[in-house]
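Comments concern the structure below.
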Amino acid sequence: AEEGPDLRTREEREGDALADLVDLMLRADQLPEHGGEPVTLTLTMSYDDLANQVGHATLDNGDRVPAEQVRQFACNAGIIPMVLGGAGQPLDVGRKTRTFPAAIRRTLVTRDRGCAFPGCGRPPRQCDAHHIRHWANGGDTSVDNAVLLCRHHHTLIHQSKWEVRLVTGIPTFYPPAWIDPNAAKLAILNVAT
């Protein structure tokens with residue numbers, strides 16, 4: 001399936017390739033994790049901004065991260081919700097939850113066999129579990145609301161008009177209108193071989 005032109009600069013493509021390599025190494029069985037889980041980022045932003053995909057989150061070192069990138073991080077990171085009062089003071093820190101536990105991931109690996117985006121051959125170890133209906137919009141963490149995507153297609157889904165839905169349990173992708181004006185009528189199925 002045609003995704004359209006890659007608008008990233010050479011430096012961005014090389015940076016993404018390096019991030020893929022680092023991510024692959026972190027997923028290797030012989031390397032330790034932090035307390036048995038991937039590292040947790042602490043991001044501060046309002047729930048409304050996150051749900052509406054606007055604004056920025058702030059890392060604990062003061063760096064700013066765009067909302068759409070926060071949503072992508074949230075697909076695979078441990079999340080610590082923190083409720084802030086009107087003056088920004090912490091009122092409540094929720095318990096840390098693991099977004100996709102190992103049992104759900106194993107089921108996704110069996111179903112999707114790697115990146116579910118049509119034509120992509122990336123194996124499961126190079127894929128993230130993605131919420132089809134994002135958790136910030138009320139989507140649950142379940143097999144019926146998840147799909148495996150490689151970093152490139154995960155970013156594409158988060159930053160473009162591509163959509164993915166499960167149709168009778170099969171990940172089905174809908175292209176943006178600029179690829180096909182009748183996109184609502186065109187579904188691209190991922191048929192695992």
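Letters A, B, ... go to the chains of the structure tokens in the order shown; residues in each chain start at 1; ligands are counted from 1 in the same order.
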
Just list as a list in words whatever in range 96-152 of chain A DSSP marks as strand (DSSP E).
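Residues of range 96-152 of chain A classed as strand (DSSP E): Cys127, Asp128, Ala129, His130, His131, Ala146, Val147, Leu148, Leu149 and Cys150 of chain A.
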
Any chance you can output those residues with N, CA and C atoms as a short mmCIF file (atom, residue, chain, number, x, y, z; two decimals), in the first residue's frame?
```cif
data_model
loop_
_atom_site.label_atom_id
_atom_site.label_comp_id
_atom_site.auth_asym_id
_atom_site.auth_seq_id
_atom_site.Cartn_x
_atom_site.Cartn_y
_atom_site.Cartn_z
N CYS A 127 8.22 -4.41 17.09
CA CYS A 127 6.90 -3.78 17.07
C CYS A 127 6.45 -3.32 18.45
N ASP A 128 5.61 -2.29 18.45
CA ASP A 128 4.95 -1.79 19.65
C ASP A 128 3.49 -2.21 19.60
N ALA A 129 2.89 -2.37 20.77
CA ALA A 129 1.45 -2.55 20.83
C ALA A 129 0.82 -1.15 20.82
N HIS A 130 -0.14 -0.95 19.96
CA HIS A 130 -0.78 0.36 19.77
C HIS A 130 -2.26 0.26 20.12
N HIS A 131 -2.74 1.22 20.93
CA HIS A 131 -4.17 1.31 21.22
C HIS A 131 -4.89 1.81 19.96
N ALA A 146 -6.16 -3.35 20.21
CA ALA A 146 -4.72 -3.23 20.01
C ALA A 146 -4.29 -3.84 18.69
N VAL A 147 -3.14 -3.36 18.21
CA VAL A 147 -2.53 -3.88 16.99
C VAL A 147 -1.02 -3.69 17.13
N LEU A 148 -0.24 -4.62 16.59
CA LEU A 148 1.21 -4.47 16.58
C LEU A 148 1.63 -3.62 15.38
N LEU A 149 2.49 -2.64 15.64
CA LEU A 149 3.01 -1.77 14.59
C LEU A 149 4.49 -1.53 14.81
N CYS A 150 5.28 -1.53 13.72
CA CYS A 150 6.68 -1.15 13.82
C CYS A 150 6.74 0.35 14.11
#
```

Where does range 107-141 of chain A meet range 160-177 of chain A within 9 Å, residue by residue, with the nearest atom pair and distance in Å to one decimal for each, counting only C-alpha atoms, listed by chain and rising number, as a Markdown table?
```
| residue | atom | partner | partner_atom | distance |
| --- | --- | --- | --- | --- |
| A:Arg111 | CA | A:Ile170 | CA | 8.3 |
| A:Asp112 | CA | A:Pro171 | CA | 8.0 |
| A:Ala116 | CA | A:Pro171 | CA | 6.7 |
| A:Phe117 | CA | A:Phe173 | CA | 7.2 |
| A:Pro118 | CA | A:Phe173 | CA | 7.9 |
| A:Ile132 | CA | A:Val164 | CA | 6.5 |
| A:Arg133 | CA | A:Arg165 | CA | 8.7 |
```

One decimal, in Å: what's the spacing between CA of Ala51 in chain A and CA of Ala136 in chain A?
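Spanning CA of Ala51 in chain A to CA of Ala136 in chain A is a straight-line distance of 5.3 Å.
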
Show me, as a ChimeraX atom specification, the residues that have an atom within 9 Å of Arg113 in chain A when counting only C-alpha atoms, minus same-chain residues fewer than 5 positions from it.
/A:108,122-124,148,192

If we count only C-alpha atoms, what is near Asp48 in chain A at a cut-off of 12 Å, once residues fewer than 6 positions away on the same chain are taken out, given as a VMD selection string?
chain A and resid 54 to 57 67 136 to 137

Produce a file of the selected residues containing C-alpha atoms, as a short mmCIF file (atom, residue, chain, number, x, y, z; two decimals), in the first residue's frame.
```cif
data_model
loop_
_atom_site.label_atom_id
_atom_site.label_comp_id
_atom_site.auth_asym_id
_atom_site.auth_seq_id
_atom_site.Cartn_x
_atom_site.Cartn_y
_atom_site.Cartn_z
CA VAL A 54 -2.58 19.87 21.73
CA GLY A 55 0.21 21.56 23.62
CA HIS A 56 3.27 20.02 25.19
CA ALA A 57 4.20 17.84 28.14
CA ALA A 67 1.31 16.03 22.78
CA ALA A 136 -6.74 9.03 26.63
CA ASN A 137 -10.01 8.83 24.69
#
```

Residues within 12 Å of range 6-13 of chain A, only C-alpha atoms, excluding chain neighbours under 3 positions, as JSON, numbers by chain
{"A": [2, 3, 16, 17, 18, 19, 20, 151, 152, 153, 155, 156, 159, 160]}

Write a file of the just-selected residues containing N, CA and C atoms, as a PDB file, in the first residue's frame.
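again-v8.pdb, freshly written:
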```pdb
ATOM      1  N   GLU A   2       0.523   2.239  -0.729  1.00  0.00           N
ATOM      2  CA  GLU A   2       1.273   3.492  -0.824  1.00  0.00           C
ATOM      3  C   GLU A   2       0.985   4.348   0.400  1.00  0.00           C
ATOM      4  N   GLU A   3       2.025   4.777   1.077  1.00  0.00           N
ATOM      5  CA  GLU A   3       1.873   5.602   2.273  1.00  0.00           C
ATOM      6  C   GLU A   3       2.012   7.065   1.956  1.00  0.00           C
ATOM      7  N   ASP A  16      15.610   8.267  13.348  1.00  0.00           N
ATOM      8  CA  ASP A  16      14.602   7.220  13.543  1.00  0.00           C
ATOM      9  C   ASP A  16      15.222   5.833  13.413  1.00  0.00           C
ATOM     10  N   ALA A  17      16.157   5.672  12.472  1.00  0.00           N
ATOM     11  CA  ALA A  17      16.837   4.383  12.310  1.00  0.00           C
ATOM     12  C   ALA A  17      17.655   4.047  13.558  1.00  0.00           C
ATOM     13  N   LEU A  18      18.335   5.040  14.112  1.00  0.00           N
ATOM     14  CA  LEU A  18      19.092   4.818  15.344  1.00  0.00           C
ATOM     15  C   LEU A  18      18.150   4.450  16.489  1.00  0.00           C
ATOM     16  N   ALA A  19      17.016   5.148  16.589  1.00  0.00           N
ATOM     17  CA  ALA A  19      16.042   4.838  17.637  1.00  0.00           C
ATOM     18  C   ALA A  19      15.518   3.411  17.467  1.00  0.00           C
ATOM     19  N   ASP A  20      15.281   2.971  16.225  1.00  0.00           N
ATOM     20  CA  ASP A  20      14.858   1.592  15.968  1.00  0.00           C
ATOM     21  C   ASP A  20      15.906   0.606  16.463  1.00  0.00           C
ATOM     22  N   ARG A 151       7.923   0.826  14.493  1.00  0.00           N
ATOM     23  CA  ARG A 151       8.063   2.241  14.866  1.00  0.00           C
ATOM     24  C   ARG A 151       7.594   3.161  13.732  1.00  0.00           C
ATOM     25  N   HIS A 152       7.970   2.852  12.497  1.00  0.00           N
ATOM     26  CA  HIS A 152       7.587   3.715  11.368  1.00  0.00           C
ATOM     27  C   HIS A 152       6.066   3.787  11.220  1.00  0.00           C
ATOM     28  N   HIS A 153       5.403   2.637  11.221  1.00  0.00           N
ATOM     29  CA  HIS A 153       3.949   2.645  11.026  1.00  0.00           C
ATOM     30  C   HIS A 153       3.209   3.120  12.284  1.00  0.00           C
ATOM     31  N   THR A 155       4.315   5.553  14.191  1.00  0.00           N
ATOM     32  CA  THR A 155       4.397   7.007  14.030  1.00  0.00           C
ATOM     33  C   THR A 155       3.425   7.479  12.950  1.00  0.00           C
ATOM     34  N   LEU A 156       3.343   6.744  11.839  1.00  0.00           N
ATOM     35  CA  LEU A 156       2.435   7.104  10.749  1.00  0.00           C
ATOM     36  C   LEU A 156       0.988   7.169  11.247  1.00  0.00           C
ATOM     37  N   GLN A 159       0.545  10.252  13.500  1.00  0.00           N
ATOM     38  CA  GLN A 159       0.790  11.585  12.945  1.00  0.00           C
ATOM     39  C   GLN A 159       0.160  11.815  11.588  1.00  0.00           C
ATOM     40  N   SER A 160      -0.690  10.939  11.143  1.00  0.00           N
ATOM     41  CA  SER A 160      -1.310  11.125   9.831  1.00  0.00           C
ATOM     42  C   SER A 160      -2.791  10.780   9.916  1.00  0.00           C
TER      43      SER A 160
END
```

Let me make sure I understand: among A:His158, A:Gln126, A:Glu14, A:Trp178, which one has the smallest atom-to-atom distance to Gln69 in chain A if we use only C-alpha atoms?
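Answer, going by the shortest atom-to-atom distance: A:His158.
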